[in-house]
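*Asks:* Could you have a look at this structure, given as structure tokens, before my questions?
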Amino acid sequence: MSEPGRLFRSARWSFVFLLPALALAAPSREGAPRRIALAPCHVEDFEEEIRCGILRVPENRATRAGRTIDLHVAVLPALRPESAPDPLFILAGGPGQGARKYASFVQSAFKEVRRARDIVLVDVRGTGASNPLDCDLGDPLEFLEAETVDPTPCLKRLKGDPRFYTTELIVADLDDVRAALGYERINLWGGSYGTRAGLVYARRHADRVRSVVLDGAAPFEIELPLYNASNAQRALDRLVADCTAAPECRAAFPRLKEELGTVLARLDQGPARVTLHHPRTNRPTEMSLSRSAFASGLRGMLYVPTHASLIPYMIHAAAQGDFSPMAALSLETAAWSTETMSLGMTLSVLCAEDVQRITDEEAEREVRGTFLGRSEIDSWRQMCSKWPRGPLPADVDRVRPLQVPALILSGDLDPVTPPRWGEAMKTHFPGALHVVVPGTGHNTSTTGCVPDLIAQFFDKGSAAGLDIRCVQKVRRPPFVIDPSGTAP
């Protein structure tokens, strides 16, 4: 998570829903059943017709009065006529992503799962089309150059009370959706922040959960963004070591660690001026690349191994005075952050559940000796000081072992939710199988044989007998040596 908006990302999928005459399930009399009547719809980049509907829920679930939220739901029906009664619910990342944009991801990661089960995608409150808490951050160039973002203008424009957009309320909504679709029990897949939503759902509704897959674990113990700097440093140290161990990379960049130190020392003296093409207009643009922007861009590249393979080349170029490769990719990442995440939702969750728990002593300990430093912690503290927050869950620090079959997945190179957090999540699911996938960054569900493992797990509803040796075949992509690509 560079800023936590990027921190919990899984991929970049754009989508448009075409919703003909959607049936809406409105709040009913106390005790009266509600149902979502699904109508045909289509998703961009997904040719098949699927089914969509809306469930209306109260924003304030305690009083059930005042503003309401229309939760937008999409169902990918099982491919076999005789399907299993328990579907797979997809819990998206962010926090701030709507799950409906995951349709193409579902097609690649869960094709085998869908043969036997419906797959349900919900834009949870504050995301997607479900009263999104969007913040228009304007030009991504300005966003990248800013040391922090003032959330006050966004707060004034929101159509919603940020205090009511937290994990506890998301989970309560999801169980309403489950009931309104007529499912007795469900399976859960959560990616990144979605793993926390999966944990809380299992805590609150264990009798409704058949099994869970948690990819890129982010339990409450992670206190975002407290460990961002140390987790990213671990991933970067691994990259430097792997470059040194690869003959072609070592020959091309024999002083990689020293060159990174040179670049950071140069930026400590002041930002670098860079000319590059704007990602929206493609026009030549001059920008100021600060140390924190450089570090944030570096961290963002570590999420995806194919992007990380560019890092030695980009550091070397910057050490020679050419910051344009790093600036260009950093600007692209900033554009992604401004356009695809509901930042208000990110703030509502993290300000309530994480940032307020970070102490100064913890912050100093975790950032010491890291390339990222305190910039992210300070930035999020400043934003959260201006953002209304809901209550901290009473059992946020409690571990209550759950007897729910669980498969926990971690990327060994993940810069934000590395394997240590998979082990922390396992304390909540003591019977879980924790699989660490080598050569992989943030989120593993489409990597190598992992989709097959997930399908086998959901088919049996258990990790017993699951042969995970196939993941050892996964390797880090080769490093890019020069503009022409990797070594022959």
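Following the order of the structure tokens, chains are lettered A, B, ..., residues in each are numbered from 1, and ligands are numbered from 1.
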Based on DSSP run over this structure's backbone, return all residues of stretch 335-450 of chain A in alpha helix (DSSP H), as a PyMOL selection string.

*Replies:* chain A and resi 335-340+343-353+360-367+375-384+419-426+450

*Asks:* The selected residues should be written to file as a short mmCIF file (atom, residue, chain, number, x, y, z; two decimals), in the first residue's frame (atoms: N, CA and C atoms).

*Replies:*
```cif
data_model
loop_
_atom_site.label_atom_id
_atom_site.label_comp_id
_atom_site.auth_asym_id
_atom_site.auth_seq_id
_atom_site.Cartn_x
_atom_site.Cartn_y
_atom_site.Cartn_z
N ALA A 335 -2.26 8.09 -11.27
CA ALA A 335 -3.49 8.20 -12.06
C ALA A 335 -4.44 7.07 -11.70
N TRP A 336 -3.90 5.86 -11.52
CA TRP A 336 -4.74 4.74 -11.10
C TRP A 336 -5.41 5.03 -9.77
N SER A 337 -4.65 5.59 -8.83
CA SER A 337 -5.19 5.87 -7.50
C SER A 337 -6.31 6.90 -7.56
N THR A 338 -6.16 7.91 -8.39
CA THR A 338 -7.16 8.98 -8.44
C THR A 338 -8.42 8.56 -9.18
N GLU A 339 -8.33 7.52 -10.01
CA GLU A 339 -9.45 7.19 -10.89
C GLU A 339 -10.21 5.92 -10.53
N THR A 340 -9.63 5.03 -9.78
CA THR A 340 -10.27 3.73 -9.58
C THR A 340 -10.62 3.41 -8.13
N LEU A 343 -11.58 7.00 -2.40
CA LEU A 343 -10.66 7.37 -1.33
C LEU A 343 -11.40 7.67 -0.03
N GLY A 344 -12.62 8.22 -0.12
CA GLY A 344 -13.39 8.48 1.09
C GLY A 344 -13.67 7.19 1.86
N MET A 345 -13.92 6.12 1.13
CA MET A 345 -14.14 4.83 1.78
C MET A 345 -12.86 4.32 2.42
N THR A 346 -11.74 4.51 1.74
CA THR A 346 -10.45 4.14 2.31
C THR A 346 -10.23 4.85 3.63
N LEU A 347 -10.50 6.15 3.64
CA LEU A 347 -10.33 6.94 4.86
C LEU A 347 -11.28 6.47 5.97
N SER A 348 -12.53 6.21 5.61
CA SER A 348 -13.51 5.81 6.63
C SER A 348 -13.08 4.53 7.34
N VAL A 349 -12.56 3.57 6.59
CA VAL A 349 -12.14 2.31 7.19
C VAL A 349 -10.84 2.47 7.97
N LEU A 350 -9.82 3.02 7.32
CA LEU A 350 -8.51 3.05 7.96
C LEU A 350 -8.44 4.04 9.12
N CYS A 351 -9.14 5.16 9.02
CA CYS A 351 -9.11 6.12 10.12
C CYS A 351 -9.79 5.55 11.35
N ALA A 352 -10.85 4.77 11.15
CA ALA A 352 -11.57 4.18 12.28
C ALA A 352 -10.86 2.97 12.85
N GLU A 353 -10.27 2.14 11.99
CA GLU A 353 -9.83 0.82 12.41
C GLU A 353 -8.32 0.68 12.58
N ASP A 360 3.44 6.79 18.49
CA ASP A 360 4.68 7.39 18.00
C ASP A 360 5.86 6.42 18.14
N GLU A 361 5.89 5.68 19.24
CA GLU A 361 6.97 4.73 19.46
C GLU A 361 6.97 3.64 18.40
N GLU A 362 5.78 3.12 18.08
CA GLU A 362 5.68 2.10 17.04
C GLU A 362 6.12 2.66 15.69
N ALA A 363 5.68 3.86 15.38
CA ALA A 363 6.03 4.46 14.09
C ALA A 363 7.54 4.61 13.95
N GLU A 364 8.20 5.12 14.96
CA GLU A 364 9.64 5.30 14.90
C GLU A 364 10.36 3.97 14.74
N ARG A 365 9.89 2.96 15.44
CA ARG A 365 10.53 1.64 15.35
C ARG A 365 10.39 1.05 13.96
N GLU A 366 9.22 1.16 13.35
CA GLU A 366 8.96 0.46 12.09
C GLU A 366 9.55 1.17 10.87
N VAL A 367 9.77 2.48 10.96
CA VAL A 367 10.29 3.18 9.77
C VAL A 367 11.81 3.30 9.80
N SER A 375 6.83 9.07 5.76
CA SER A 375 5.96 9.90 4.94
C SER A 375 4.52 9.40 4.90
N GLU A 376 4.33 8.10 4.78
CA GLU A 376 2.96 7.59 4.68
C GLU A 376 2.22 7.68 6.01
N ILE A 377 2.88 7.33 7.09
CA ILE A 377 2.22 7.42 8.40
C ILE A 377 1.82 8.85 8.69
N ASP A 378 2.72 9.79 8.45
CA ASP A 378 2.41 11.19 8.73
C ASP A 378 1.28 11.69 7.84
N SER A 379 1.29 11.29 6.57
CA SER A 379 0.25 11.73 5.65
C SER A 379 -1.12 11.22 6.07
N TRP A 380 -1.21 9.94 6.42
CA TRP A 380 -2.50 9.39 6.80
C TRP A 380 -2.97 9.89 8.16
N ARG A 381 -2.05 10.15 9.05
CA ARG A 381 -2.45 10.77 10.32
C ARG A 381 -3.05 12.15 10.09
N GLN A 382 -2.43 12.90 9.19
CA GLN A 382 -2.93 14.25 8.92
C GLN A 382 -4.32 14.19 8.28
N MET A 383 -4.51 13.31 7.31
CA MET A 383 -5.82 13.19 6.68
C MET A 383 -6.87 12.71 7.68
N CYS A 384 -6.52 11.73 8.51
CA CYS A 384 -7.49 11.19 9.45
C CYS A 384 -7.86 12.19 10.55
N PRO A 419 4.21 -12.80 4.17
CA PRO A 419 3.77 -14.00 4.89
C PRO A 419 3.58 -13.84 6.40
N ARG A 420 4.26 -12.91 7.04
CA ARG A 420 4.08 -12.76 8.48
C ARG A 420 2.63 -12.48 8.83
N TRP A 421 1.94 -11.78 7.92
CA TRP A 421 0.53 -11.45 8.20
C TRP A 421 -0.38 -12.62 7.88
N GLY A 422 0.05 -13.50 7.00
CA GLY A 422 -0.68 -14.75 6.82
C GLY A 422 -0.63 -15.60 8.08
N GLU A 423 0.55 -15.60 8.74
CA GLU A 423 0.67 -16.32 10.01
C GLU A 423 -0.19 -15.68 11.09
N ALA A 424 -0.25 -14.33 11.10
CA ALA A 424 -1.10 -13.65 12.07
C ALA A 424 -2.57 -14.00 11.82
N MET A 425 -2.98 -14.04 10.55
CA MET A 425 -4.36 -14.41 10.24
C MET A 425 -4.66 -15.85 10.66
N LYS A 426 -3.66 -16.71 10.56
CA LYS A 426 -3.87 -18.10 10.92
C LYS A 426 -4.22 -18.27 12.39
N VAL A 450 -2.17 -21.94 -8.42
CA VAL A 450 -3.02 -21.49 -7.31
C VAL A 450 -4.51 -21.55 -7.65
#
```

*Asks:* Need the shell around A:Gly98: protein/DNA/RNA residues with any atom at most 6 Å away, counting only C-alpha atoms. Skip same-chain ones fewer than 2 positions apart. Format as a list of chain:residue names?

*Replies:* A:Arg100, A:Asp123, A:Thr127, A:Gly128

*Asks:* What would the file look like if the residues just selected were written as a compact mmCIF listing (two decimals), in the first residue's frame with C-alpha atoms?

*Replies:*
```txt
# COMPACT_ATOMS: atom_id res chain seq x y z
CA ARG A 100 -18.38 -5.89 -9.48
CA ASP A 123 -20.29 -3.25 -4.49
CA THR A 127 -17.72 1.67 -3.35
CA GLY A 128 -18.56 1.09 -6.99
```

*Asks:* Check stretch 62-105 of chain A with DSSP on the backbone and list each residue it calls strand (DSSP E or B), as a list in words.

*Replies:*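 The strand (DSSP E or B) residues within stretch 62-105 of chain A come out as Thr68, Ile69, Asp70, Leu71, His72, Val73, Ala74, Val75, Leu76, Leu88, Phe89, Ile90, Leu91 and Gly94 of chain A.
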
*Asks:* Would you mind reading off the distance between atom CA of A:Gly216 and atom CA of A:Val106, one decimal, in Å?

*Replies:*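 Computed distance, atom CA of A:Gly216 to atom CA of A:Val106, equals 16.5 Å.
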
*Asks:* What does the distance from atom CA of A:Arg115 to atom CA of A:Ile50 come to in Å, to one decimal?

*Replies:* 14.4 Å

*Asks:* Any chance you could tabulate, as a tab-separated table, the residues of stretch 349-467 of chain A at most 12 Å from stretch 174-187 of chain A with each one's nearest atom pair and distance in Å to one decimal, using only C-alpha atoms, in chain and rising number order?

*Replies:*
```
residue	atom	partner	partner_atom	distance
A:Val404	CA	A:Asn187	CA	10.3
A:Pro405	CA	A:Asn187	CA	9.9
A:Ala406	CA	A:Asn187	CA	10.0
A:Leu407	CA	A:Asn187	CA	11.5
A:Ile454	CA	A:Asn187	CA	11.5
A:Ala455	CA	A:Asn187	CA	11.7
A:Phe457	CA	A:Asn187	CA	10.6
A:Phe458	CA	A:Asn187	CA	7.6
A:Asp459	CA	A:Asn187	CA	10.5
A:Lys460	CA	A:Asn187	CA	11.5
A:Gly461	CA	A:Asn187	CA	8.7
A:Ser462	CA	A:Asn187	CA	11.4
```

*Asks:* What lies within 8 Å of A:Val304 using only C-alpha atoms, ignoring chain neighbours under 5 positions off, as a short mmCIF file (atom, residue, chain, number, x, y, z; two decimals) with N, CA and C atoms, in the first residue's frame?

*Replies:*
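This went into result-v2.cif:
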```
data_model
loop_
_atom_site.label_atom_id
_atom_site.label_comp_id
_atom_site.auth_asym_id
_atom_site.auth_seq_id
_atom_site.Cartn_x
_atom_site.Cartn_y
_atom_site.Cartn_z
N THR A 440 6.22 -14.23 -6.01
CA THR A 440 4.92 -13.59 -6.22
C THR A 440 4.75 -12.43 -5.25
N GLY A 441 4.10 -11.36 -5.72
CA GLY A 441 3.87 -10.18 -4.92
C GLY A 441 2.50 -10.19 -4.25
N HIS A 442 1.81 -9.05 -4.38
CA HIS A 442 0.54 -8.88 -3.67
C HIS A 442 -0.59 -9.57 -4.43
#
```

*Asks:* Can you work out the spacing between atom CA of A:Val120 and atom CA of A:Ala84 in Å, to one decimal?

*Replies:*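 So the answer is 13.5 Å.
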
*Asks:* Closest to A:Leu329 among A:Leu302, A:Val416, A:Ser342, A:Leu453, using only C-alpha atoms?

*Replies:* A:Leu302

*Asks:* Skip A:Gln320 itself and residues of its chain fewer than 3 positions away, then list as a tab-separated table (two decimals) with N, CA and C atoms, in the first residue's frame all residues within 10 Å of it, counting only C-alpha atoms.

*Replies:*
```
chain	number	residue	atom	x	y	z
A	259	GLU	N	23.73	2.58	-5.59
A	259	GLU	CA	23.05	3.54	-6.48
A	259	GLU	C	21.73	4.01	-5.89
A	262	THR	N	22.58	6.64	-3.47
A	262	THR	CA	22.93	7.87	-4.18
A	262	THR	C	21.69	8.63	-4.60
A	263	VAL	N	20.70	7.92	-5.14
A	263	VAL	CA	19.46	8.54	-5.61
A	263	VAL	C	18.70	9.18	-4.44
A	314	MET	N	15.58	1.12	-13.42
A	314	MET	CA	15.11	2.47	-13.11
A	314	MET	C	16.00	3.14	-12.07
A	315	ILE	N	16.44	2.39	-11.07
A	315	ILE	CA	17.35	2.96	-10.07
A	315	ILE	C	18.67	3.36	-10.74
A	316	HIS	N	19.18	2.50	-11.61
A	316	HIS	CA	20.43	2.81	-12.30
A	316	HIS	C	20.27	4.07	-13.15
A	317	ALA	N	19.15	4.18	-13.87
A	317	ALA	CA	18.92	5.37	-14.69
A	317	ALA	C	18.87	6.62	-13.83
A	323	PHE	N	15.63	10.56	-14.22
A	323	PHE	CA	14.52	10.16	-13.36
A	323	PHE	C	13.24	9.89	-14.14
```

*Asks:* Given only C-alpha atoms as the basis, pick out the residue of A:Ala327, A:Val355, A:Ala246, A:Leu413 nearest to A:Tyr227.

*Replies:* A:Val355

*Asks:* Taking only C-alpha atoms into account, which of A:Arg299, A:Arg389, A:Arg35, A:Arg400 comes nearest A:Ala229?

*Replies:*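 Smallest separation from A:Ala229 among the options: A:Arg299.
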
*Asks:* Using only C-alpha atoms, determine which residues lie at most 8 Å from stretch 159-171 of chain A, disregarding the query and same-chain residues fewer than 4 positions distant; provide the list as a ChimeraX atom specification.

*Replies:* /A:59-61,67,124-126,131,133,175,196-197,200-201,344-345,348-349,352,387-391,393

*Asks:* Please dump the current selection as a JSON list (two decimals), in the first residue's frame; keep N, CA and C atoms.

*Replies:*
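The result, stored in result.json:
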```json
[["chain", "number", "residue", "atom", "x", "y", "z"],
["A", 59, "GLU", "N", -28.31, 3.46, 5.89],
["A", 59, "GLU", "CA", -26.93, 3.88, 6.13],
["A", 59, "GLU", "C", -26.58, 3.68, 7.61],
["A", 60, "ASN", "N", -27.49, 4.12, 8.48],
["A", 60, "ASN", "CA", -27.30, 3.94, 9.92],
["A", 60, "ASN", "C", -28.07, 2.70, 10.33],
["A", 61, "ARG", "N", -27.38, 1.60, 10.46],
["A", 61, "ARG", "CA", -28.06, 0.33, 10.74],
["A", 61, "ARG", "C", -28.55, 0.25, 12.18],
["A", 67, "ARG", "N", -31.03, 8.23, 5.78],
["A", 67, "ARG", "CA", -30.51, 7.93, 4.44],
["A", 67, "ARG", "C", -30.41, 6.42, 4.22],
["A", 124, "VAL", "N", -19.84, -3.08, -2.10],
["A", 124, "VAL", "CA", -20.23, -2.79, -0.72],
["A", 124, "VAL", "C", -20.42, -1.29, -0.55],
["A", 125, "ARG", "N", -21.07, -0.90, 0.53],
["A", 125, "ARG", "CA", -21.37, 0.52, 0.78],
["A", 125, "ARG", "C", -20.10, 1.35, 0.64],
["A", 126, "GLY", "N", -20.24, 2.48, -0.05],
["A", 126, "GLY", "CA", -19.11, 3.39, -0.24],
["A", 126, "GLY", "C", -18.24, 3.11, -1.42],
["A", 131, "ASN", "N", -23.44, 4.09, -3.50],
["A", 131, "ASN", "CA", -23.14, 5.37, -2.85],
["A", 131, "ASN", "C", -21.65, 5.52, -2.60],
["A", 133, "LEU", "N", -18.01, 6.73, -1.87],
["A", 133, "LEU", "CA", -17.42, 7.90, -1.20],
["A", 133, "LEU", "C", -16.21, 8.35, -2.02],
["A", 175, "ASP", "N", -24.45, -9.89, 4.87],
["A", 175, "ASP", "CA", -25.33, -10.95, 5.32],
["A", 175, "ASP", "C", -26.76, -10.69, 4.89],
["A", 196, "ARG", "N", -9.77, -8.96, 5.60],
["A", 196, "ARG", "CA", -10.29, -8.46, 6.88],
["A", 196, "ARG", "C", -11.81, -8.55, 6.91],
["A", 197, "ALA", "N", -12.46, -8.18, 5.81],
["A", 197, "ALA", "CA", -13.91, -8.32, 5.74],
["A", 197, "ALA", "C", -14.32, -9.77, 5.92],
["A", 200, "VAL", "N", -14.03, -10.68, 9.66],
["A", 200, "VAL", "CA", -15.12, -10.13, 10.47],
["A", 200, "VAL", "C", -16.43, -10.86, 10.15],
["A", 201, "TYR", "N", -16.67, -11.18, 8.86],
["A", 201, "TYR", "CA", -17.89, -11.92, 8.53],
["A", 201, "TYR", "C", -17.88, -13.28, 9.24],
["A", 344, "GLY", "N", -12.62, 8.22, -0.12],
["A", 344, "GLY", "CA", -13.39, 8.48, 1.09],
["A", 344, "GLY", "C", -13.67, 7.19, 1.86],
["A", 345, "MET", "N", -13.92, 6.12, 1.13],
["A", 345, "MET", "CA", -14.14, 4.83, 1.78],
["A", 345, "MET", "C", -12.86, 4.32, 2.42],
["A", 348, "SER", "N", -12.53, 6.21, 5.61],
["A", 348, "SER", "CA", -13.51, 5.81, 6.63],
["A", 348, "SER", "C", -13.08, 4.53, 7.34],
["A", 349, "VAL", "N", -12.56, 3.57, 6.59],
["A", 349, "VAL", "CA", -12.14, 2.31, 7.19],
["A", 349, "VAL", "C", -10.84, 2.47, 7.97],
["A", 352, "ALA", "N", -10.85, 4.77, 11.15],
["A", 352, "ALA", "CA", -11.57, 4.18, 12.28],
["A", 352, "ALA", "C", -10.86, 2.97, 12.85],
["A", 387, "TRP", "N", -11.03, 13.69, 9.30],
["A", 387, "TRP", "CA", -12.07, 12.80, 8.77],
["A", 387, "TRP", "C", -12.90, 12.22, 9.91],
["A", 388, "PRO", "N", -14.21, 12.36, 9.88],
["A", 388, "PRO", "CA", -15.05, 11.76, 10.92],
["A", 388, "PRO", "C", -14.90, 10.24, 10.90],
["A", 389, "ARG", "N", -14.85, 9.64, 12.06],
["A", 389, "ARG", "CA", -14.64, 8.20, 12.08],
["A", 389, "ARG", "C", -15.66, 7.50, 12.96],
["A", 390, "GLY", "N", -15.99, 6.28, 12.55],
["A", 390, "GLY", "CA", -16.89, 5.45, 13.32],
["A", 390, "GLY", "C", -16.17, 4.82, 14.50],
["A", 391, "PRO", "N", -16.90, 4.04, 15.31],
["A", 391, "PRO", "CA", -16.30, 3.43, 16.50],
["A", 391, "PRO", "C", -15.34, 2.32, 16.14],
["A", 393, "PRO", "N", -14.05, -1.31, 16.53],
["A", 393, "PRO", "CA", -14.69, -2.55, 16.98],
["A", 393, "PRO", "C", -14.18, -2.98, 18.35]]
```

*Asks:* Give me the residues near A:Ala265 as a ChimeraX atom specification, where near means some atom within 12 Å (using only C-alpha atoms) and where sequence neighbours in that chain fewer than 5 positions away do not count.

*Replies:* /A:258-260,270-272,290-291,294,318-319,371

*Asks:* Deliver the residues from the most recent selection as a file, using N, CA and C atoms, as a PDB file, in the first residue's frame.

*Replies:*
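Saved result, result_3.pdb, follows:
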```
ATOM      1  N   GLU A 258      24.170   0.639  -3.663  1.00  0.00           N
ATOM      2  CA  GLU A 258      24.838   1.934  -3.524  1.00  0.00           C
ATOM      3  C   GLU A 258      24.166   2.988  -4.402  1.00  0.00           C
ATOM      4  N   GLU A 259      23.727   2.584  -5.593  1.00  0.00           N
ATOM      5  CA  GLU A 259      23.055   3.536  -6.479  1.00  0.00           C
ATOM      6  C   GLU A 259      21.731   4.010  -5.890  1.00  0.00           C
ATOM      7  N   LEU A 260      21.011   3.128  -5.234  1.00  0.00           N
ATOM      8  CA  LEU A 260      19.778   3.555  -4.572  1.00  0.00           C
ATOM      9  C   LEU A 260      20.094   4.588  -3.493  1.00  0.00           C
ATOM     10  N   GLY A 270      16.558  17.968  -2.526  1.00  0.00           N
ATOM     11  CA  GLY A 270      15.485  18.678  -3.214  1.00  0.00           C
ATOM     12  C   GLY A 270      14.929  17.823  -4.333  1.00  0.00           C
ATOM     13  N   PRO A 271      13.713  18.112  -4.798  1.00  0.00           N
ATOM     14  CA  PRO A 271      13.094  17.291  -5.849  1.00  0.00           C
ATOM     15  C   PRO A 271      13.817  17.414  -7.181  1.00  0.00           C
ATOM     16  N   ALA A 272      13.677  16.373  -7.977  1.00  0.00           N
ATOM     17  CA  ALA A 272      14.244  16.370  -9.328  1.00  0.00           C
ATOM     18  C   ALA A 272      13.183  16.869 -10.309  1.00  0.00           C
ATOM     19  N   SER A 290       9.651  14.370  -5.845  1.00  0.00           N
ATOM     20  CA  SER A 290      10.244  14.467  -4.515  1.00  0.00           C
ATOM     21  C   SER A 290      10.749  13.107  -4.047  1.00  0.00           C
ATOM     22  N   ARG A 291      11.460  13.130  -2.938  1.00  0.00           N
ATOM     23  CA  ARG A 291      11.940  11.865  -2.367  1.00  0.00           C
ATOM     24  C   ARG A 291      10.772  10.972  -1.994  1.00  0.00           C
ATOM     25  N   PHE A 294       9.199   9.495  -5.098  1.00  0.00           N
ATOM     26  CA  PHE A 294      10.061   8.444  -5.644  1.00  0.00           C
ATOM     27  C   PHE A 294       9.913   7.166  -4.821  1.00  0.00           C
ATOM     28  N   ALA A 318      18.177   6.541 -12.681  1.00  0.00           N
ATOM     29  CA  ALA A 318      18.079   7.700 -11.792  1.00  0.00           C
ATOM     30  C   ALA A 318      19.446   8.068 -11.237  1.00  0.00           C
ATOM     31  N   ALA A 319      20.283   7.084 -10.926  1.00  0.00           N
ATOM     32  CA  ALA A 319      21.628   7.355 -10.419  1.00  0.00           C
ATOM     33  C   ALA A 319      22.486   8.070 -11.457  1.00  0.00           C
ATOM     34  N   PHE A 371      13.627   2.837   3.190  1.00  0.00           N
ATOM     35  CA  PHE A 371      13.657   3.840   2.128  1.00  0.00           C
ATOM     36  C   PHE A 371      12.396   4.684   2.124  1.00  0.00           C
TER      37      PHE A 371
END
```
